[in-house]
file upload07.csv (CSV, C-alpha atoms)
chain,number,residue,atom,x,y,z
A,254,MET,CA,-11.2,2.3,-32.4
A,255,ASN,CA,-8.4,3.5,-30.2
A,256,ILE,CA,-8.0,0.2,-28.4
A,257,GLU,CA,-5.5,1.4,-25.9
A,258,ARG,CA,-7.8,4.2,-24.8
A,259,ALA,CA,-10.8,1.9,-24.7
A,260,LEU,CA,-9.1,-0.5,-22.4
A,261,SER,CA,-7.6,2.2,-20.2
A,262,LEU,CA,-10.9,3.6,-19.0
A,263,ASN,CA,-11.2,3.1,-15.2
A,264,ILE,CA,-14.7,1.5,-15.4
A,265,GLU,CA,-16.0,-1.8,-14.1
A,266,THR,CA,-16.3,-4.4,-16.7
A,267,PRO,CA,-18.0,-5.3,-18.9
A,268,TYR,CA,-18.8,-2.0,-20.5
A,269,MET,CA,-19.9,-0.8,-23.9
A,270,VAL,CA,-17.4,1.7,-25.3
A,271,VAL,CA,-17.6,4.2,-28.2
A,272,ASP,CA,-14.7,6.0,-29.7
A,273,LEU,CA,-16.4,9.3,-30.5
A,274,ASP,CA,-13.5,10.5,-32.7
A,275,GLN,CA,-13.8,7.5,-35.0
A,276,THR,CA,-17.6,7.7,-34.9
A,277,ILE,CA,-17.6,11.3,-36.1
A,278,ARG,CA,-15.2,10.2,-38.9
A,279,ASN,CA,-17.6,7.5,-39.9
A,280,ILE,CA,-20.5,10.0,-39.8
A,281,ARG,CA,-18.6,12.5,-42.0
A,282,LYS,CA,-17.6,9.8,-44.5
A,283,MET,CA,-21.2,8.9,-45.3
A,284,GLN,CA,-22.3,12.5,-45.2
A,285,GLU,CA,-19.7,13.3,-47.8
A,286,ILE,CA,-21.1,10.6,-50.1
A,287,ALA,CA,-24.5,12.1,-49.8
A,288,ASN,CA,-23.3,15.7,-50.3
A,289,LYS,CA,-21.1,14.8,-53.3
A,290,ASN,CA,-24.1,13.2,-55.0
A,291,LYS,CA,-26.5,16.0,-53.9
A,292,LYS,CA,-28.7,13.6,-51.8
A,293,ALA,CA,-30.3,14.1,-48.5
A,294,LEU,CA,-29.0,11.8,-45.7
A,295,ARG,CA,-31.6,10.3,-43.3
A,296,PRO,CA,-29.6,8.0,-41.0
A,297,HIS,CA,-31.4,5.0,-39.5
A,298,VAL,CA,-30.8,5.3,-35.8
A,299,LYS,CA,-31.8,1.7,-34.9
A,300,THR,CA,-28.0,1.2,-34.9
A,301,HIS,CA,-27.2,3.5,-32.0
A,302,LYS,CA,-30.6,4.4,-30.4
A,303,MET,CA,-29.2,7.6,-28.9
A,304,PRO,CA,-30.7,11.1,-29.4
A,305,TYR,CA,-27.1,12.3,-28.5
A,306,LEU,CA,-25.7,10.7,-31.7
A,307,ALA,CA,-28.8,11.5,-33.8
A,308,ARG,CA,-28.2,15.2,-33.0
A,309,ILE,CA,-24.6,14.9,-34.0
A,310,GLN,CA,-25.6,13.3,-37.3
A,311,ILE,CA,-28.0,16.2,-38.0
A,312,GLU,CA,-25.3,18.8,-37.0
A,313,GLU,CA,-23.1,17.2,-39.6
A,314,GLY,CA,-25.7,17.6,-42.3
A,315,ALA,CA,-28.4,14.9,-42.1
A,316,ILE,CA,-31.9,16.1,-42.7
A,317,GLY,CA,-33.5,13.9,-40.1
A,318,ILE,CA,-33.6,10.3,-39.1
A,319,ALA,CA,-35.3,7.0,-39.7
A,320,VAL,CA,-36.5,4.7,-37.0
A,321,GLN,CA,-37.9,1.2,-37.1
A,322,LYS,CA,-40.3,1.5,-34.1
A,323,LEU,CA,-42.8,4.1,-33.0
A,324,ALA,CA,-41.4,4.0,-29.5
A,325,GLU,CA,-38.0,4.9,-30.9
A,326,ALA,CA,-39.6,7.9,-32.6
A,327,GLU,CA,-41.1,9.0,-29.3
A,328,VAL,CA,-37.7,8.9,-27.6
A,329,MET,CA,-36.0,10.7,-30.5
A,330,CYS,CA,-38.7,13.4,-30.6
A,331,ALA,CA,-38.4,14.0,-26.9
A,332,GLY,CA,-34.6,14.1,-27.4
A,333,GLY,CA,-34.8,17.1,-29.7
A,334,VAL,CA,-34.9,15.3,-33.1
A,335,ASN,CA,-37.9,16.6,-35.1
A,336,ASP,CA,-37.8,15.1,-38.6
A,337,ILE,CA,-38.5,11.3,-38.3
A,338,LEU,CA,-39.5,8.6,-40.8
A,339,ILE,CA,-40.9,5.4,-39.3
A,340,SER,CA,-39.5,3.1,-42.0
A,341,ASN,CA,-41.8,0.2,-40.9
A,342,GLU,CA,-45.5,-0.6,-41.2
A,343,VAL,CA,-47.8,0.4,-38.4
A,344,VAL,CA,-51.3,-1.2,-38.3
A,345,ASP,CA,-52.4,-1.0,-34.7
A,346,LYS,CA,-54.9,1.7,-33.9
A,347,ARG,CA,-53.3,2.6,-30.6
A,348,LYS,CA,-49.9,3.1,-32.3
A,349,CYS,CA,-51.5,5.2,-35.0
A,350,ASP,CA,-53.0,7.4,-32.4
A,351,ARG,CA,-49.6,7.9,-30.8
A,352,ILE,CA,-48.1,8.8,-34.2
A,353,ALA,CA,-50.9,11.3,-34.8
A,354,LYS,CA,-50.4,12.7,-31.3
A,355,LEU,CA,-46.7,13.3,-32.1
A,356,ALA,CA,-47.7,15.1,-35.3
A,357,SER,CA,-50.1,17.2,-33.4
A,358,GLU,CA,-47.4,18.2,-31.0
A,359,GLY,CA,-45.2,19.5,-33.8
A,360,CYS,CA,-43.1,16.5,-34.7
A,361,LYS,CA,-42.5,16.2,-38.4
A,362,ILE,CA,-43.2,12.5,-38.7
A,363,SER,CA,-43.8,10.3,-41.7
A,364,VAL,CA,-44.6,6.5,-42.0
A,365,ALA,CA,-44.0,3.7,-44.5
A,366,VAL,CA,-47.1,1.9,-45.7
A,367,ASP,CA,-47.8,-1.2,-47.7
A,368,SER,CA,-51.4,-2.0,-46.9
A,369,LEU,CA,-54.8,-0.4,-47.0
A,370,ILE,CA,-55.4,-1.6,-43.4
A,371,GLY,CA,-52.4,0.4,-42.2
A,372,ALA,CA,-53.3,3.4,-44.3
A,373,LYS,CA,-56.9,3.4,-43.0
A,374,CYS,CA,-55.6,3.2,-39.4
A,375,LEU,CA,-53.3,6.2,-39.9
A,376,SER,CA,-56.0,8.1,-41.7
A,377,GLU,CA,-58.5,7.7,-38.9
A,378,SER,CA,-56.0,8.6,-36.2
A,379,ALA,CA,-54.8,11.6,-38.2
A,380,SER,CA,-58.4,12.8,-38.7
A,381,HIS,CA,-59.1,12.5,-35.0
A,382,TYR,CA,-56.1,14.6,-34.1
A,383,GLY,CA,-56.6,17.1,-36.9
A,384,VAL,CA,-53.3,16.5,-38.7
A,385,THR,CA,-52.1,15.2,-42.0
A,386,ILE,CA,-49.5,12.5,-41.9
A,387,PRO,CA,-47.1,12.0,-44.9
A,388,VAL,CA,-46.6,8.4,-46.0
A,389,LEU,CA,-44.1,6.7,-48.2
A,390,ILE,CA,-45.2,3.6,-50.2
A,391,ASP,CA,-42.9,0.8,-49.1
A,392,VAL,CA,-41.8,-1.0,-52.3
A,393,ASN,CA,-40.4,-4.6,-52.3
A,394,VAL,CA,-37.3,-4.6,-54.4
A,395,GLY,CA,-36.2,-8.1,-53.6
A,396,MET,CA,-35.9,-8.5,-49.9
A,397,ASN,CA,-39.4,-10.2,-49.8
A,398,ARG,CA,-40.2,-8.9,-46.3
A,399,CYS,CA,-42.4,-5.8,-46.3
A,400,GLY,CA,-43.4,-3.8,-49.3
A,401,VAL,CA,-45.7,-3.6,-52.3
A,402,ASP,CA,-44.5,-5.4,-55.4
A,403,PRO,CA,-43.4,-2.8,-58.0
A,404,GLU,CA,-46.2,-3.7,-60.5
A,405,ASN,CA,-48.8,-2.9,-57.9
A,406,VAL,CA,-47.5,0.4,-56.7
A,407,ILE,CA,-49.5,2.7,-59.0
A,408,SER,CA,-52.9,1.0,-58.2
A,409,PHE,CA,-52.0,1.0,-54.5
A,410,TYR,CA,-51.2,4.7,-54.7
A,411,ARG,CA,-54.7,5.4,-56.3
A,412,GLN,CA,-56.3,3.6,-53.4
A,413,LEU,CA,-54.4,5.5,-50.9
A,414,LYS,CA,-55.6,8.7,-52.4
A,415,GLU,CA,-59.1,7.9,-51.1
A,416,PHE,CA,-58.0,8.2,-47.4
A,417,PRO,CA,-58.3,11.7,-45.9
A,418,ASN,CA,-55.5,13.1,-43.7
A,419,ILE,CA,-52.7,11.1,-45.1
A,420,LYS,CA,-50.6,12.4,-48.0
A,421,VAL,CA,-48.4,10.2,-50.2
A,422,ILE,CA,-45.1,11.9,-50.7
A,423,GLY,CA,-43.0,9.2,-52.3
A,424,LEU,CA,-41.5,5.8,-52.2
A,425,MET,CA,-39.2,3.9,-49.9
A,426,ALA,CA,-37.1,0.9,-51.0
A,427,TYR,CA,-34.9,-1.0,-48.5
A,428,ASP,CA,-32.5,-3.7,-49.7
A,429,GLY,CA,-31.0,-5.2,-46.6
A,430,HIS,CA,-30.5,-8.5,-48.6
A,431,VAL,CA,-27.8,-6.9,-50.8
A,432,LEU,CA,-24.8,-8.2,-48.9
A,433,ASN,CA,-22.5,-9.6,-51.5
A,434,PRO,CA,-18.9,-9.0,-50.5
A,435,ASN,CA,-18.1,-8.1,-54.2
A,436,PRO,CA,-18.8,-4.4,-54.6
A,437,SER,CA,-19.5,-4.8,-58.4
A,438,LYS,CA,-22.1,-7.4,-57.7
A,439,ARG,CA,-23.8,-5.3,-55.1
A,440,LYS,CA,-23.8,-2.4,-57.6
A,441,GLN,CA,-25.4,-4.7,-60.2
A,442,MET,CA,-28.2,-5.6,-57.8
A,443,VAL,CA,-28.8,-2.0,-56.9
A,444,GLU,CA,-29.0,-1.1,-60.6
A,445,ALA,CA,-31.6,-3.8,-61.1
A,446,GLU,CA,-33.6,-2.5,-58.1
A,447,TYR,CA,-33.4,1.1,-59.4
A,448,LYS,CA,-34.6,0.0,-62.8
A,449,ALA,CA,-37.6,-1.7,-61.2
A,450,ILE,CA,-38.8,1.5,-59.5
A,451,GLU,CA,-37.4,4.4,-61.6
A,452,GLY,CA,-40.3,4.5,-64.1
A,453,ILE,CA,-42.9,4.1,-61.3
A,454,PHE,CA,-41.5,7.0,-59.4
A,455,LYS,CA,-41.4,9.2,-62.5
A,456,GLU,CA,-45.0,8.3,-63.3
A,457,LEU,CA,-46.2,9.0,-59.8
A,458,LYS,CA,-44.5,12.5,-59.9
A,459,LYS,CA,-46.6,13.2,-63.0
A,460,LEU,CA,-49.8,12.1,-61.3
A,461,ASP,CA,-49.2,14.0,-58.0
A,462,GLU,CA,-47.2,17.1,-57.3
A,463,ASN,CA,-46.8,16.0,-53.7
A,464,ILE,CA,-44.6,13.1,-54.8
A,465,HIS,CA,-41.0,14.1,-54.3
A,466,VAL,CA,-39.2,11.5,-52.1
A,467,LEU,CA,-37.4,8.4,-53.1
A,468,SER,CA,-35.8,7.1,-49.9
A,469,VAL,CA,-33.5,4.1,-50.3
A,470,GLY,CA,-30.5,2.1,-49.3
A,471,GLY,CA,-28.6,0.8,-46.3
A,472,THR,CA,-24.9,1.1,-45.5
A,473,PRO,CA,-23.8,-1.6,-48.0
A,474,THR,CA,-25.7,0.0,-50.9
A,475,ALA,CA,-26.0,3.7,-50.2
A,476,GLU,CA,-23.0,4.8,-52.3
A,477,PHE,CA,-24.5,3.0,-55.3
A,478,TRP,CA,-28.0,4.4,-54.8
A,479,ALA,CA,-26.6,7.9,-54.5
A,480,GLN,CA,-25.5,7.9,-58.1
A,481,PHE,CA,-29.0,7.7,-59.5
A,482,ASP,CA,-30.8,11.0,-60.5
A,483,GLU,CA,-34.3,10.1,-59.1
A,484,VAL,CA,-33.0,9.1,-55.7
A,485,THR,CA,-33.6,11.9,-53.2
A,486,GLU,CA,-32.5,10.5,-49.8
A,487,LEU,CA,-30.4,7.7,-48.3
A,488,GLN,CA,-31.1,5.9,-45.1
A,489,PRO,CA,-28.0,3.9,-44.0
A,490,GLY,CA,-27.6,3.1,-40.3
A,491,THR,CA,-24.7,0.8,-39.4
A,492,TYR,CA,-22.1,3.2,-40.9
A,493,VAL,CA,-22.1,5.2,-37.6
A,494,PHE,CA,-20.3,2.4,-35.8
A,495,CYS,CA,-19.5,-0.2,-38.4
A,496,ASP,CA,-19.0,-3.8,-37.3
A,497,VAL,CA,-17.1,-7.0,-38.1
A,498,HIS,CA,-19.7,-8.1,-40.7
A,499,TYR,CA,-19.3,-4.8,-42.6
A,500,SER,CA,-15.5,-5.2,-42.4
A,501,GLU,CA,-15.9,-8.6,-44.2
A,502,LEU,CA,-17.9,-6.7,-46.9
A,503,GLY,CA,-15.0,-4.3,-47.4
A,504,LEU,CA,-17.0,-1.4,-46.1
A,505,CYS,CA,-14.7,-0.6,-43.3
A,506,THR,CA,-11.5,-1.7,-41.7
A,507,LEU,CA,-11.3,-3.2,-38.2
A,508,ASP,CA,-9.8,0.1,-37.1
A,509,GLU,CA,-12.9,2.0,-38.3
A,510,ILE,CA,-15.2,0.0,-36.0
A,511,SER,CA,-15.9,2.5,-33.3
A,512,MET,CA,-18.0,0.6,-30.8
A,513,GLY,CA,-17.3,-2.5,-28.8
A,514,VAL,CA,-17.6,-4.2,-25.4
A,515,VAL,CA,-14.7,-4.3,-23.0
A,516,ALA,CA,-14.4,-7.4,-20.8
A,517,GLN,CA,-12.0,-8.6,-18.2
A,518,VAL,CA,-10.1,-11.9,-17.9
A,519,ILE,CA,-11.5,-13.6,-14.8
A,520,SER,CA,-10.2,-17.1,-15.3
A,521,MET,CA,-7.7,-18.9,-17.4
A,522,LYS,CA,-5.7,-22.1,-18.1
A,523,GLU,CA,-2.3,-21.2,-19.4
A,524,GLY,CA,-2.0,-21.8,-23.1
A,525,GLU,CA,-5.5,-23.3,-23.4
A,526,ARG,CA,-8.1,-20.8,-22.6
A,527,ILE,CA,-8.9,-17.4,-21.2
A,528,VAL,CA,-12.4,-16.6,-19.9
A,529,LEU,CA,-13.9,-13.1,-20.0
A,530,ASP,CA,-16.7,-11.7,-17.8
A,531,ALA,CA,-19.0,-10.9,-20.8
A,532,GLY,CA,-21.0,-13.3,-22.9
A,533,TYR,CA,-24.0,-13.0,-25.3
A,534,LYS,CA,-25.9,-11.0,-22.8
A,535,ALA,CA,-23.3,-8.2,-23.3
A,536,ILE,CA,-22.5,-8.6,-27.0
A,537,SER,CA,-24.7,-10.1,-29.7
A,538,LEU,CA,-23.9,-13.6,-31.1
A,539,ASP,CA,-25.4,-12.7,-34.4
A,540,GLN,CA,-25.9,-15.2,-37.2
A,541,GLY,CA,-23.8,-17.6,-35.1
A,542,VAL,CA,-20.7,-15.6,-35.6
A,543,TYR,CA,-18.5,-14.7,-32.6
A,544,PRO,CA,-17.0,-11.3,-32.0
A,545,ILE,CA,-13.3,-10.5,-32.5
A,546,ALA,CA,-11.1,-10.2,-29.4
A,547,LEU,CA,-8.4,-7.6,-29.3
A,548,ASN,CA,-6.0,-5.8,-27.1
A,549,GLU,CA,-3.2,-3.3,-27.7
A,550,ASN,CA,-1.1,-6.0,-29.3
A,551,GLY,CA,-3.7,-7.2,-31.7
A,552,ILE,CA,-5.8,-10.3,-31.9
A,553,VAL,CA,-5.9,-12.0,-28.4
A,554,GLY,CA,-7.0,-15.3,-29.8
A,555,ASN,CA,-9.9,-17.2,-31.3
A,556,VAL,CA,-13.3,-17.1,-29.6
A,557,ILE,CA,-14.2,-20.8,-29.1
A,558,GLY,CA,-17.3,-20.4,-27.0
A,559,MET,CA,-19.9,-17.9,-25.7
A,560,TYR,CA,-22.3,-18.3,-22.9
A,561,GLU,CA,-24.7,-15.9,-21.0
A,562,GLU,CA,-21.9,-14.3,-19.0
A,563,HIS,CA,-18.7,-15.7,-20.4
A,564,THR,CA,-16.6,-15.6,-23.5
A,565,VAL,CA,-13.9,-18.3,-23.9
A,566,ILE,CA,-10.9,-17.6,-26.0
A,567,LYS,CA,-8.1,-19.9,-27.2
A,568,PRO,CA,-5.2,-17.4,-26.8
A,569,VAL,CA,-2.5,-16.8,-29.4
A,570,GLN,CA,-0.7,-14.1,-27.4
A,571,LYS,CA,1.6,-14.8,-24.5
A,572,GLY,CA,1.6,-12.9,-21.3
A,573,ILE,CA,-2.1,-12.4,-20.8
A,574,THR,CA,-3.1,-12.8,-17.2
A,575,ILE,CA,-6.1,-12.6,-14.9
A,576,GLY,CA,-7.3,-9.0,-14.6
A,577,ASP,CA,-6.3,-7.9,-18.1
A,578,LYS,CA,-8.9,-6.3,-20.3
A,579,VAL,CA,-10.0,-7.4,-23.8
A,580,LEU,CA,-12.0,-5.5,-26.4
A,581,LEU,CA,-14.7,-7.5,-28.2
A,582,LEU,CA,-15.8,-6.1,-31.6
A,583,PRO,CA,-19.3,-7.2,-32.5
A,584,TYR,CA,-20.3,-9.0,-35.7
A,585,HIS,CA,-23.5,-6.9,-35.7
A,586,ALA,CA,-23.4,-3.5,-34.0
A,587,CYS,CA,-27.2,-2.8,-33.9
A,588,THR,CA,-28.1,-5.9,-31.9
A,589,THR,CA,-25.3,-5.2,-29.4
A,590,THR,CA,-26.3,-1.6,-28.7
A,591,ASP,CA,-29.8,-2.7,-27.7
A,592,MET,CA,-28.3,-4.7,-24.8
A,593,TRP,CA,-27.1,-1.7,-22.9
A,594,ASP,CA,-28.7,1.1,-20.9
A,595,TYR,CA,-25.7,3.4,-21.6
A,596,ALA,CA,-22.3,3.5,-23.3
A,597,TRP,CA,-19.0,5.0,-22.3
A,598,PHE,CA,-17.8,7.5,-24.9
A,599,PHE,CA,-14.3,8.8,-25.1
A,600,GLU,CA,-12.9,11.6,-27.2
A,601,GLY,CA,-9.2,12.4,-27.3
A,602,ASN,CA,-7.8,12.7,-23.8
A,603,LYS,CA,-11.1,14.1,-22.3
A,604,PRO,CA,-12.7,12.2,-19.4
A,605,PRO,CA,-15.1,9.5,-20.6
A,606,MET,CA,-18.8,10.4,-21.0
A,607,ARG,CA,-21.7,8.1,-19.9
A,608,ILE,CA,-24.3,8.5,-22.6
A,609,PRO,CA,-27.7,6.9,-22.1
A,610,ILE,CA,-29.1,4.6,-24.9
A,611,LEU,CA,-32.6,6.0,-24.4
A,612,ALA,CA,-34.3,4.0,-27.2
A,613,ARG,CA,-32.8,0.7,-26.1
A,614,GLY,CA,-35.5,-1.9,-25.6
A,615,LYS,CA,-38.1,0.1,-27.4
A,616,ARG,CA,-39.8,-2.7,-29.2
A,617,GLU,CA,-43.3,-1.4,-29.8
call {"tool": "encode", "arguments": {"input": "upload07.csv", "output": "structure tokens"}}
result
Amino acid sequence: MNIERALSLNIETPYMVVDLDQTIRNIRKMQEIANKNKKALRPHVKTHKMPYLARIQIEEGAIGIAVQKLAEAEVMCAGGVNDILISNEVVDKRKCDRIAKLASEGCKISVAVDSLIGAKCLSESASHYGVTIPVLIDVNVGMNRCGVDPENVISFYRQLKEFPNIKVIGLMAYDGHVLNPNPSKRKQMVEAEYKAIEGIFKELKKLDENIHVLSVGGTPTAEFWAQFDEVTELQPGTYVFCDVHYSELGLCTLDEISMGVVAQVISMKEGERIVLDAGYKAISLDQGVYPIALNENGIVGNVIGMYEEHTVIKPVQKGITIGDKVLLLPYHACTTTDMWDYAWFFEGNKPPMRIPILARGKRE
């Protein structure tokens, strides 16, 4: 992040700011990992929620995107993004109808499934709209959230084949639990996950010529998944902005974090505290970890409290005064983005751009 540029924008605080130059560097870095290993890249856009950035990711080489919510898919499709995986289970008839409607309107949309109830729902809606919806079997590789356990995948596939108007095209495996700061240990966990599904994927390909997709990985594990032959696509998300959490994992430096929230000092007690006009309604207090506070001279001080509209910092710098601006870098980028209707993007010395976060708040 170009901190000096971020703080110099003549915009009322607080504001969400994005360094587009650094964001594009982040995008290209992950795209190079995919290209080098001959994998498709399907970025998860729950991090930025902007068709504007999704289109840039596709221009840089991504094959399409992943979303977590149907409403996000609708926004992205309307925003000119046409290849979308809903990487989450959908079991509501009304939502399945909306998915089928998108497909009938020309959107190339696929969905993760882990239950016969969800598959039946999709099948009925797809039949009503006269479309066929591709599905990926969501496999539980250790996160113990959604997904079919590996030993049950083949039998689940055979049951899915009984439903008309859906077509199984492969497997999806998400491992958001693999967050060990030691890269070698993360790699070992990914190797174990791959071993659990490699044989299953090969067997499915023998059973069905439509099976061709193995979609896996998040930002902390994508580079390791990319090294395996059977993997076809990667779906990291946070890499687009990075955040403080990922800097702790060694996945980026603080300089490579390209999104933050700029706040202003509105009150202070010399040597004891400075108070900013942004709190946890402006930047997420994720897992109880405070953001990092910076200015052009480095760390401003230690965040010692956050409230709805205030952040309190114990300063380590001298010379800070009321009216100064401070950049807050979030511990978790994704949950911060969802708080804002728009972000201010800057690129070089060009005037800042006000980019709407069109999929923000899309929960359903």
call {"tool": "closest_residue", "arguments": {"input": "upload07.csv", "among": "A:Pro473, A:Cys349, A:Pro609, A:Leu355", "to": "Ala326 of chain A", "atoms": "only C-alpha atoms"}}
result
A:Leu355
call {"tool": "residues_around", "arguments": {"input": "upload07.csv", "residues": "Asn435 of chain A", "least_positions_apart": "5", "cutoff": "12 Å", "atoms": "only C-alpha atoms", "output": "mmCIF file with C-alpha atoms, in the frame of the given file"}}
result
data_model
loop_
_atom_site.group_PDB
_atom_site.id
_atom_site.type_symbol
_atom_site.label_atom_id
_atom_site.label_comp_id
_atom_site.auth_asym_id
_atom_site.auth_seq_id
_atom_site.Cartn_x
_atom_site.Cartn_y
_atom_site.Cartn_z
ATOM 1 C CA LYS A 440 -23.800 -2.400 -57.600
ATOM 2 C CA GLN A 441 -25.400 -4.700 -60.200
ATOM 3 C CA MET A 442 -28.200 -5.600 -57.800
ATOM 4 C CA PRO A 473 -23.800 -1.600 -48.000
ATOM 5 C CA THR A 474 -25.700 0.000 -50.900
ATOM 6 C CA GLU A 501 -15.900 -8.600 -44.200
ATOM 7 C CA LEU A 502 -17.900 -6.700 -46.900
ATOM 8 C CA GLY A 503 -15.000 -4.300 -47.400
ATOM 9 C CA LEU A 504 -17.000 -1.400 -46.100
#
call {"tool": "residues_around", "arguments": {"input": "upload07.csv", "residues": "Gln570 of chain A", "least_positions_apart": "5", "cutoff": "9 Å", "atoms": "only C-alpha atoms", "output": "list in words"}}
result
Gly524, Asn550, Gly551, Ile552, Val553 and Gly554 of chain A
call {"tool": "write_last_selection", "arguments": {"input": "upload07.csv", "atoms": "C-alpha atoms", "output": "PDB file, in the frame of the given file"}}
result
ATOM      1  CA  GLY A 524      -2.000 -21.800 -23.100  1.00  0.00           C
ATOM      2  CA  ASN A 550      -1.100  -6.000 -29.300  1.00  0.00           C
ATOM      3  CA  GLY A 551      -3.700  -7.200 -31.700  1.00  0.00           C
ATOM      4  CA  ILE A 552      -5.800 -10.300 -31.900  1.00  0.00           C
ATOM      5  CA  VAL A 553      -5.900 -12.000 -28.400  1.00  0.00           C
ATOM      6  CA  GLY A 554      -7.000 -15.300 -29.800  1.00  0.00           C
TER       7      GLY A 554
END
call {"tool": "residues_around", "arguments": {"input": "upload07.csv", "residues": "Gly400 of chain A", "least_positions_apart": "2", "cutoff": "10 Å", "atoms": "only C-alpha atoms", "output": "list in words"}}
result
Asn341, Glu342, Ala365, Val366, Asp367, Ser368, Ile390, Asp391, Val392, Asn393, Val394, Gly395, Met396, Asn397, Arg398, Asp402, Pro403, Val406, Met425, Ala426 and Tyr427 of chain A
call {"tool": "atom_distance", "arguments": {"input": "upload07.csv", "atom1": "atom CA of Tyr305 of chain A", "atom2": "atom CA of His430 of chain A"}}
result
29.1 Å
call {"tool": "residues_around", "arguments": {"input": "upload07.csv", "residues": "Asp496 of chain A", "least_positions_apart": "4", "cutoff": "7 Å", "atoms": "only C-alpha atoms", "output": "list in words"}}
result
Ser500, Ile510, Leu582, Pro583, Tyr584, His585 and Ala586 of chain A
call {"tool": "decode", "arguments": {"input": "upload07.csv", "residues": "segment 489-507 of chain A", "atoms": "N, CA and C atoms", "output": "PDB file, in the first residue's frame"}}
result
ATOM      1  N   PRO A 489      -8.509 -19.361  -4.795  1.00  0.00           N
ATOM      2  CA  PRO A 489      -8.155 -18.467  -3.689  1.00  0.00           C
ATOM      3  C   PRO A 489      -8.924 -17.155  -3.793  1.00  0.00           C
ATOM      4  N   GLY A 490      -9.024 -16.434  -2.676  1.00  0.00           N
ATOM      5  CA  GLY A 490      -9.755 -15.177  -2.702  1.00  0.00           C
ATOM      6  C   GLY A 490      -9.007 -14.009  -2.099  1.00  0.00           C
ATOM      7  N   THR A 491      -8.486 -14.186  -0.883  1.00  0.00           N
ATOM      8  CA  THR A 491      -7.933 -13.073  -0.122  1.00  0.00           C
ATOM      9  C   THR A 491      -6.685 -12.484  -0.765  1.00  0.00           C
ATOM     10  N   TYR A 492      -6.006 -13.246  -1.616  1.00  0.00           N
ATOM     11  CA  TYR A 492      -4.774 -12.771  -2.247  1.00  0.00           C
ATOM     12  C   TYR A 492      -4.946 -11.437  -2.959  1.00  0.00           C
ATOM     13  N   VAL A 493      -6.164 -11.130  -3.395  1.00  0.00           N
ATOM     14  CA  VAL A 493      -6.387  -9.904  -4.164  1.00  0.00           C
ATOM     15  C   VAL A 493      -6.015  -8.662  -3.358  1.00  0.00           C
ATOM     16  N   PHE A 494      -6.325  -8.653  -2.067  1.00  0.00           N
ATOM     17  CA  PHE A 494      -5.972  -7.548  -1.171  1.00  0.00           C
ATOM     18  C   PHE A 494      -4.879  -7.942  -0.171  1.00  0.00           C
ATOM     19  N   CYS A 495      -4.884  -9.198   0.266  1.00  0.00           N
ATOM     20  CA  CYS A 495      -4.100  -9.655   1.420  1.00  0.00           C
ATOM     21  C   CYS A 495      -4.581  -8.935   2.673  1.00  0.00           C
ATOM     22  N   ASP A 496      -4.099  -9.352   3.831  1.00  0.00           N
ATOM     23  CA  ASP A 496      -4.484  -8.711   5.089  1.00  0.00           C
ATOM     24  C   ASP A 496      -3.462  -9.045   6.164  1.00  0.00           C
ATOM     25  N   VAL A 497      -3.677  -8.513   7.352  1.00  0.00           N
ATOM     26  CA  VAL A 497      -2.706  -8.698   8.428  1.00  0.00           C
ATOM     27  C   VAL A 497      -2.571 -10.170   8.810  1.00  0.00           C
ATOM     28  N   HIS A 498      -3.699 -10.884   8.824  1.00  0.00           N
ATOM     29  CA  HIS A 498      -3.636 -12.312   9.145  1.00  0.00           C
ATOM     30  C   HIS A 498      -2.697 -13.039   8.192  1.00  0.00           C
ATOM     31  N   TYR A 499      -2.830 -12.749   6.897  1.00  0.00           N
ATOM     32  CA  TYR A 499      -2.004 -13.451   5.924  1.00  0.00           C
ATOM     33  C   TYR A 499      -0.550 -12.992   5.968  1.00  0.00           C
ATOM     34  N   SER A 500      -0.322 -11.774   6.453  1.00  0.00           N
ATOM     35  CA  SER A 500       1.072 -11.362   6.659  1.00  0.00           C
ATOM     36  C   SER A 500       1.697 -12.174   7.788  1.00  0.00           C
ATOM     37  N   GLU A 501       0.885 -12.517   8.799  1.00  0.00           N
ATOM     38  CA  GLU A 501       1.385 -13.364   9.892  1.00  0.00           C
ATOM     39  C   GLU A 501       1.725 -14.770   9.405  1.00  0.00           C
ATOM     40  N   LEU A 502       1.043 -15.210   8.358  1.00  0.00           N
ATOM     41  CA  LEU A 502       1.319 -16.534   7.795  1.00  0.00           C
ATOM     42  C   LEU A 502       2.486 -16.510   6.811  1.00  0.00           C
ATOM     43  N   GLY A 503       3.049 -15.339   6.575  1.00  0.00           N
ATOM     44  CA  GLY A 503       4.161 -15.227   5.646  1.00  0.00           C
ATOM     45  C   GLY A 503       3.742 -15.217   4.189  1.00  0.00           C
ATOM     46  N   LEU A 504       2.454 -14.999   3.936  1.00  0.00           N
ATOM     47  CA  LEU A 504       1.949 -15.010   2.562  1.00  0.00           C
ATOM     48  C   LEU A 504       2.081 -13.655   1.885  1.00  0.00           C
ATOM     49  N   CYS A 505       2.346 -12.620   2.651  1.00  0.00           N
ATOM     50  CA  CYS A 505       2.539 -11.287   2.106  1.00  0.00           C
ATOM     51  C   CYS A 505       3.290 -10.463   3.141  1.00  0.00           C
ATOM     52  N   THR A 506       3.781  -9.321   2.702  1.00  0.00           N
ATOM     53  CA  THR A 506       4.332  -8.345   3.633  1.00  0.00           C
ATOM     54  C   THR A 506       3.249  -7.312   3.932  1.00  0.00           C
ATOM     55  N   LEU A 507       3.467  -6.492   4.935  1.00  0.00           N
ATOM     56  CA  LEU A 507       2.501  -5.418   5.200  1.00  0.00           C
ATOM     57  C   LEU A 507       2.397  -4.478   4.007  1.00  0.00           C
TER      58      LEU A 507
END
